[in-house]
$ cat upload-v7.cif   # mmCIF, C-alpha atoms and all ligand atoms
data_data
loop_
_atom_site.group_PDB
_atom_site.id
_atom_site.type_symbol
_atom_site.label_atom_id
_atom_site.label_comp_id
_atom_site.auth_asym_id
_atom_site.auth_seq_id
_atom_site.Cartn_x
_atom_site.Cartn_y
_atom_site.Cartn_z
ATOM 1 C CA MET C 1 -12.364 -3.267 -24.310
ATOM 2 C CA TYR C 2 -13.705 -6.465 -22.766
ATOM 3 C CA ALA C 3 -11.754 -8.926 -24.905
ATOM 4 C CA GLU C 4 -10.265 -10.599 -21.822
ATOM 5 C CA LEU C 5 -13.541 -11.213 -20.045
ATOM 6 C CA MET C 6 -15.309 -14.553 -20.055
ATOM 7 C CA VAL C 7 -18.978 -14.818 -19.160
ATOM 8 C CA ASP C 8 -20.300 -18.292 -18.360
ATOM 9 C CA ARG C 9 -23.997 -17.356 -18.417
ATOM 10 C CA PRO C 10 -26.196 -16.816 -21.464
ATOM 11 C CA VAL C 11 -26.005 -13.164 -22.507
ATOM 12 C CA ALA C 12 -29.798 -12.932 -22.398
ATOM 13 C CA ASP C 13 -29.627 -13.556 -18.626
ATOM 14 C CA LEU C 14 -27.325 -10.616 -18.180
ATOM 15 C CA LEU C 15 -29.263 -7.941 -20.042
ATOM 16 C CA GLY C 16 -30.536 -5.349 -17.622
ATOM 17 C CA ASP C 17 -28.456 -6.836 -14.822
ATOM 18 C CA TRP C 18 -26.138 -4.046 -13.690
ATOM 19 C CA ASP C 19 -24.623 -6.374 -11.112
ATOM 20 C CA ILE C 20 -22.749 -8.086 -13.906
ATOM 21 C CA LEU C 21 -20.454 -5.061 -13.921
ATOM 22 C CA ASP C 22 -19.804 -5.475 -10.228
ATOM 23 C CA ASP C 23 -19.361 -9.231 -10.165
ATOM 24 C CA LEU C 24 -17.368 -9.763 -13.325
ATOM 25 C CA VAL C 25 -15.840 -6.475 -14.380
ATOM 26 C CA SER C 26 -15.321 -3.760 -11.799
ATOM 27 C CA LYS C 27 -13.274 -5.898 -9.371
ATOM 28 C CA LYS C 28 -10.683 -6.389 -12.106
ATOM 29 C CA PHE C 29 -10.373 -2.636 -12.669
ATOM 30 C CA SER C 30 -10.586 -1.313 -9.135
ATOM 31 C CA ARG C 31 -7.428 0.675 -9.852
ATOM 32 C CA PHE C 32 -6.584 0.799 -13.550
ATOM 33 C CA LYS C 33 -5.838 -1.987 -15.957
ATOM 34 C CA ARG C 34 -4.459 -2.151 -19.447
ATOM 35 C CA VAL C 35 -6.916 -3.717 -21.897
ATOM 36 C CA GLY C 36 -5.675 -3.937 -25.478
ATOM 37 C CA ASP C 37 -4.873 -0.399 -26.603
ATOM 38 C CA GLY C 38 -6.737 1.150 -23.714
ATOM 39 C CA ILE C 39 -6.537 1.695 -19.964
ATOM 40 C CA LEU C 40 -9.720 1.181 -18.008
ATOM 41 C CA GLY C 41 -10.656 2.040 -14.447
ATOM 42 C CA ILE C 42 -14.013 1.358 -12.800
ATOM 43 C CA ARG C 43 -15.038 2.684 -9.402
ATOM 44 C CA ARG C 44 -18.218 2.071 -7.466
ATOM 45 C CA ARG C 45 -19.123 5.183 -5.583
ATOM 46 C CA MET C 46 -22.232 6.535 -3.973
ATOM 47 C CA LEU C 47 -23.602 9.617 -5.681
ATOM 48 C CA GLU C 48 -25.672 12.037 -3.662
ATOM 49 C CA GLY C 49 -26.770 14.756 -6.020
ATOM 50 C CA ASN C 50 -23.512 15.843 -7.585
ATOM 51 C CA GLN C 51 -21.496 14.630 -4.603
ATOM 52 C CA VAL C 52 -19.372 11.507 -4.842
ATOM 53 C CA VAL C 53 -18.886 9.348 -1.756
ATOM 54 C CA ASP C 54 -15.928 6.981 -1.776
ATOM 55 C CA PRO C 55 -16.345 3.911 0.479
ATOM 56 C CA VAL C 56 -12.894 4.515 1.992
ATOM 57 C CA LYS C 57 -12.219 8.224 1.511
ATOM 58 C CA GLY C 58 -15.683 9.609 2.251
ATOM 59 C CA VAL C 59 -17.205 12.539 0.371
ATOM 60 C CA LEU C 60 -15.023 13.557 -2.559
ATOM 61 C CA PRO C 61 -15.141 17.106 -3.844
ATOM 62 C CA GLN C 62 -15.581 17.737 -7.539
ATOM 63 C CA SER C 63 -12.594 17.312 -9.824
ATOM 64 C CA LEU C 64 -10.522 20.414 -10.447
ATOM 65 C CA GLU C 65 -8.926 21.407 -13.726
ATOM 66 C CA LEU C 66 -6.307 24.083 -14.216
ATOM 67 C CA GLY C 67 -6.859 26.103 -17.375
ATOM 68 C CA PRO C 68 -5.957 29.493 -18.857
ATOM 69 C CA ASN C 69 -8.546 31.159 -16.580
ATOM 70 C CA GLY C 70 -7.365 29.427 -13.413
ATOM 71 C CA ILE C 71 -8.885 26.537 -11.462
ATOM 72 C CA HIS C 72 -12.425 25.395 -12.163
ATOM 73 C CA ALA C 73 -14.495 22.481 -10.801
ATOM 74 C CA VAL C 74 -16.117 19.826 -12.961
ATOM 75 C CA GLY C 75 -18.982 17.572 -11.877
ATOM 76 C CA HIS C 76 -20.000 13.955 -12.331
ATOM 77 C CA ASP C 77 -23.352 14.151 -14.097
ATOM 78 C CA ILE C 78 -25.026 10.788 -14.601
ATOM 79 C CA LEU C 79 -24.911 9.368 -18.137
ATOM 80 C CA THR C 80 -22.835 12.287 -19.345
ATOM 81 C CA LEU C 81 -19.526 11.649 -21.050
ATOM 82 C CA ARG C 82 -16.929 14.093 -19.769
ATOM 83 C CA MET C 83 -13.408 14.532 -21.065
ATOM 84 C CA THR C 84 -10.266 15.952 -19.535
ATOM 85 C CA THR C 85 -8.290 16.779 -22.647
ATOM 86 C CA GLY C 86 -4.644 15.775 -22.886
ATOM 87 C CA GLY C 87 -2.279 18.272 -21.268
ATOM 88 C CA THR C 88 -4.841 19.652 -18.804
ATOM 89 C CA PRO C 89 -3.629 19.550 -15.174
ATOM 90 C CA HIS C 90 -6.346 18.019 -12.996
ATOM 91 C CA ARG C 91 -6.793 16.709 -9.475
ATOM 92 C CA VAL C 92 -9.399 15.728 -6.914
ATOM 93 C CA PRO C 93 -8.864 17.412 -3.532
ATOM 94 C CA HIS C 94 -8.239 14.930 -0.670
ATOM 95 C CA ASN C 95 -7.933 12.123 -3.245
ATOM 96 C CA PHE C 96 -4.535 12.836 -4.784
ATOM 97 C CA GLY C 97 -2.202 15.592 -3.704
ATOM 98 C CA PHE C 98 -0.625 16.558 -7.015
ATOM 99 C CA TRP C 99 -1.826 17.656 -10.427
ATOM 100 C CA HIS C 100 -2.019 14.845 -12.968
ATOM 101 C CA ILE C 101 -1.115 15.933 -16.491
ATOM 102 C CA ASN C 102 -1.828 13.212 -19.021
ATOM 103 C CA ASP C 103 -0.659 13.377 -22.631
ATOM 104 C CA MET C 104 -3.789 11.356 -23.406
ATOM 105 C CA ASP C 105 -7.412 12.451 -23.167
ATOM 106 C CA GLU C 106 -9.260 10.930 -20.206
ATOM 107 C CA LEU C 107 -12.914 10.046 -20.679
ATOM 108 C CA TYR C 108 -15.254 9.777 -17.699
ATOM 109 C CA LEU C 109 -18.666 8.150 -17.763
ATOM 110 C CA THR C 110 -20.898 7.820 -14.707
ATOM 111 C CA LEU C 111 -23.584 5.135 -14.860
ATOM 112 C CA PRO C 112 -26.536 5.239 -12.467
ATOM 113 C CA SER C 113 -26.748 2.986 -9.441
ATOM 114 C CA PRO C 114 -28.677 -0.246 -10.114
ATOM 115 C CA ARG C 115 -31.024 0.358 -7.181
ATOM 116 C CA PRO C 116 -31.632 3.270 -4.822
ATOM 117 C CA GLY C 117 -29.039 3.302 -2.061
ATOM 118 C CA GLU C 118 -26.417 1.411 -4.070
ATOM 119 C CA PRO C 119 -23.255 2.887 -5.548
ATOM 120 C CA ALA C 120 -23.057 4.208 -9.087
ATOM 121 C CA TYR C 121 -20.356 3.146 -11.530
ATOM 122 C CA MET C 122 -17.708 5.665 -12.432
ATOM 123 C CA ILE C 123 -15.741 4.588 -15.475
ATOM 124 C CA VAL C 124 -12.473 6.110 -16.667
ATOM 125 C CA ILE C 125 -11.259 5.268 -20.161
ATOM 126 C CA MET C 126 -8.107 6.380 -21.939
ATOM 127 C CA GLN C 127 -5.945 5.227 -24.765
ATOM 128 C CA HIS C 128 -2.669 3.641 -23.651
ATOM 129 C CA PRO C 129 0.191 6.050 -24.468
ATOM 130 C CA GLU C 130 2.778 5.035 -27.057
ATOM 131 C CA GLY C 131 6.397 6.028 -27.676
ATOM 132 C CA ALA C 132 7.350 9.207 -25.841
ATOM 133 C CA GLU C 133 3.805 9.789 -24.540
ATOM 134 C CA GLY C 134 3.119 9.562 -20.842
ATOM 135 C CA GLU C 135 1.988 11.637 -17.914
ATOM 136 C CA SER C 136 3.269 14.012 -15.281
ATOM 137 C CA PHE C 137 2.873 14.476 -11.553
ATOM 138 C CA ALA C 138 3.032 18.223 -11.020
ATOM 139 C CA GLU C 139 2.772 20.641 -8.131
ATOM 140 C CA TYR C 140 1.615 24.247 -8.544
ATOM 141 C CA CYS C 141 1.767 26.940 -5.892
ATOM 142 C CA GLU C 142 -1.648 27.048 -4.175
ATOM 143 C CA VAL C 143 -1.434 30.843 -3.955
ATOM 144 C CA CYS C 144 -0.216 31.974 -7.382
ATOM 145 C CA LEU C 145 -0.425 28.726 -9.479
ATOM 146 C CA THR C 146 3.249 28.822 -10.468
ATOM 147 C CA LEU C 147 4.544 25.404 -11.545
ATOM 148 C CA MET C 148 7.019 24.331 -8.861
ATOM 149 C CA PHE C 149 7.685 20.641 -9.520
ATOM 150 C CA GLU C 150 7.023 18.147 -12.300
ATOM 151 C CA ARG C 151 8.129 14.561 -12.843
ATOM 152 C CA HIS C 152 7.163 12.834 -16.085
ATOM 153 C CA TYR C 153 6.557 9.102 -16.385
ATOM 154 C CA ASN C 154 7.002 7.723 -19.897
ATOM 155 C CA THR C 155 4.028 5.362 -19.822
ATOM 156 C CA GLY C 156 4.354 4.681 -23.561
ATOM 157 C CA ARG C 157 7.750 2.995 -23.213
ATOM 158 C CA LEU C 158 7.772 1.894 -19.566
ATOM 159 C CA GLY C 159 4.183 0.619 -19.449
ATOM 160 C CA PHE C 160 1.262 1.387 -17.176
ATOM 161 C CA GLU C 161 2.464 -1.295 -14.747
ATOM 162 C CA GLY C 162 5.115 1.058 -13.344
ATOM 163 C CA PHE C 163 2.783 4.016 -12.992
ATOM 164 C CA PHE C 164 1.967 3.790 -9.277
ATOM 165 C CA LYS C 165 5.600 3.218 -8.306
ATOM 166 C CA ALA C 166 6.584 6.303 -10.330
ATOM 167 C CA ASN C 167 3.826 8.257 -8.586
ATOM 168 C CA ASP C 168 5.115 7.164 -5.162
ATOM 169 C CA GLU C 169 8.674 8.136 -6.073
ATOM 170 C CA ALA C 170 7.675 11.568 -7.400
ATOM 171 C CA ILE C 171 5.705 12.411 -4.258
ATOM 172 C CA ILE C 172 8.452 11.119 -1.938
ATOM 173 C CA GLU C 173 10.948 13.318 -3.810
ATOM 174 C CA TYR C 174 8.664 16.362 -3.688
ATOM 175 C CA ASN C 175 8.164 15.944 0.059
ATOM 176 C CA SER C 176 11.853 15.294 0.737
ATOM 177 C CA ASP C 177 12.945 18.921 0.648
ATOM 178 C CA SER C 178 10.965 22.077 1.399
ATOM 179 C CA LYS C 179 12.742 23.795 -1.508
ATOM 180 C CA PHE C 180 10.411 21.926 -3.884
ATOM 181 C CA ARG C 181 7.358 23.235 -2.012
ATOM 182 C CA THR C 182 8.572 26.799 -1.746
ATOM 183 C CA CYS C 183 7.155 28.874 -4.577
ATOM 184 C CA PRO C 184 9.933 30.510 -6.624
ATOM 185 C CA GLN C 185 7.482 33.279 -7.565
ATOM 186 C CA CYS C 186 5.788 34.318 -4.304
ATOM 187 C CA GLY C 187 7.776 32.444 -1.643
ATOM 188 C CA HIS C 188 4.737 30.590 -0.226
ATOM 189 C CA LEU C 189 5.528 27.251 1.479
ATOM 190 C CA ASN C 190 2.977 24.801 0.062
ATOM 191 C CA PRO C 191 1.607 21.731 1.903
ATOM 192 C CA LEU C 192 3.048 18.240 1.377
ATOM 193 C CA GLY C 193 1.961 16.187 -1.617
ATOM 194 C CA TYR C 194 0.333 12.746 -1.329
ATOM 195 C CA THR C 195 -0.384 9.876 -3.714
ATOM 196 C CA TRP C 196 -3.627 8.276 -4.865
ATOM 197 C CA ASN C 197 -3.275 5.546 -2.275
ATOM 198 C CA PRO C 198 -4.132 6.453 1.351
ATOM 199 C CA GLY C 199 -2.485 3.146 2.309
ATOM 200 C CA ARG C 200 0.877 4.734 1.466
ATOM 201 C CA ASP C 201 0.323 7.753 3.720
ATOM 202 C CA THR C 202 2.670 8.686 6.524
ATOM 203 C CA PRO C 203 1.161 10.642 9.426
ATOM 204 C CA GLU C 204 2.424 13.789 7.675
ATOM 205 C CA THR C 205 0.912 13.022 4.256
ATOM 206 C CA ALA C 206 -2.336 11.837 5.911
ATOM 207 C CA ALA C 207 -2.573 15.296 7.469
ATOM 208 C CA ALA C 208 -1.866 16.903 4.088
ATOM 209 C CA ARG C 209 -4.645 14.778 2.525
ATOM 210 C CA LEU C 210 -7.113 16.282 4.976
ATOM 211 C CA GLN C 211 -5.797 19.773 4.292
ATOM 212 C CA TRP C 212 -6.037 20.107 0.483
HETATM 213 ZN ZN ZN O 301 3.314 31.228 -5.389
#
$ encode --input "upload-v7.cif" --output "structure tokens" --more "lines below"
Ligand SMILES: [Zn+2]
Amino acid sequence: MYAELMVDRPVADLLGDWDILDDLVSKKFSRFKRVGDGILGIRRRMLEGNQVVDPVKGVLPQSLELGPNGIHAVGHDILTLRMTTGGTPHRVPHNFGFWHINDMDELYLTLPSPRPGEPAYMIVIMQHPEGAEGESFAEYCEVCLTLMFERHYNTGRLGFEGFFKANDEAIIEYNSDSKFRTCPQCGHLNPLGYTWNPGRDTPETAAARLQW
């Protein structure tokens, strides 16, 4: 995974030095980056108990997954490998306003903070999709969980580089017409969607980010 990284200090100096992750690695992966056959993302976030605090977005709720029994929350336990299996819709409230459905499994590993009061490392690892594999941005009715909208991005052929643009376009399309947000099953008008990036928010999507 680290084939592209160069370290100009003796490895013995780095053992036990968590800061090496911050100085040399995590800045390169602050969003996501393709590395060989994988995609890697590293976040530094404060953990307070099971609560995650993003430096920009504030306290993040637990991740949500949508399964056969409805929505359930999943935590961020330290030094515990967690997996969202391929095909499982998942989202983090106030962080991204759509359900991400990845054809690939997503692995999450949270490493402890190096010192009390410093952020922990949250690492996301997945295999880069190939061929027809990719991921979807989906919207389900918040009342009855009916699928209302889904746009698939063929990451395997188009590459991870176009992922965020595809995400922007899907959310702009979803928000462009209230027919997409109106549940065909129960008629509920759902709130606007929003992307991963608060920097792309309009006043309307910023309000939606606070809402759900
Ligand atoms: Zn509904």
$ residues_near_ligand --input "upload-v7.cif" --ligand "ligand ZN 301 (chain O)" --cutoff "6 Å" --atoms "all atoms listed in the file" --output "list in words"
Cys141, Val143, Cys144, Thr146, Cys183, Gln185, Cys186, Gly187 and His188 of chain C
$ residues_around --input "upload-v7.cif" --residues "region 56-72 of chain C" --least-positions-apart "6" --cutoff "10 Å" --atoms "only C-alpha atoms" --output "list of chain:residue names"
C:Arg45, C:Met46, C:Leu47, C:Glu48, C:Asn50, C:Thr84, C:Gly87, C:Thr88, C:Pro89, C:His90, C:Arg91, C:Val92, C:Pro93, C:His94, C:Asn95, C:Trp99, C:His100, C:Ile101, C:Tyr140, C:Cys144, C:Leu145, C:Pro198
$ atom_distance --input "upload-v7.cif" --atom1 "CA of Gly131 (chain C)" --atom2 "CA of Asn197 (chain C)"
27.2 Å
$ resolve_selection --input "upload-v7.cif" --expression "the PyMOL selection byres (((chain C and resi 80) around 9) and not hetatm)" --output "ChimeraX atom specification"
/C:76-79,81-82,108-111
$ atom_distance --input "upload-v7.cif" --atom1 "CA of Gly199 (chain C)" --atom2 "CA of Phe164 (chain C)"
12.4 Å
$ atom_distance --input "upload-v7.cif" --atom1 "CA of Leu107 (chain C)" --atom2 "CA of Arg34 (chain C)"
14.9 Å
$ resolve_selection --input "upload-v7.cif" --expression "the PyMOL selection byres (((chain C and resi 113) around 9) and not hetatm)" --output "ChimeraX atom specification"
/C:18,44-47,111-112,114-121
$ closest_residue --input "upload-v7.cif" --among "C:Glu139, C:Asp103, C:Asp54, C:Glu133" --to "Thr182 (chain C)" --atoms "all atoms listed in the file"
C:Glu139
$ resolve_selection --input "upload-v7.cif" --expression "the PyMOL selection byres (((chain C and resi 192) around 8) and not hetatm)" --output "PyMOL selection string"
chain C and resi 97+174-175+181+190-191+193-194+204-205+208
$ closest_residue --input "upload-v7.cif" --among "C:Gln127, C:Ser176, C:Phe96, C:Ala206" --to "Leu40 (chain C)" --atoms "all atoms listed in the file"
C:Gln127
$ axis_aligned_box --input "upload-v7.cif" --around "region 181-185 of chain C" --padding-each-side "5 Å" --output "JSON"
{"center_x": 8.5, "center_y": 28.3, "center_z": -4.7, "size_x": 12.8, "size_y": 20.0, "size_z": 15.8}
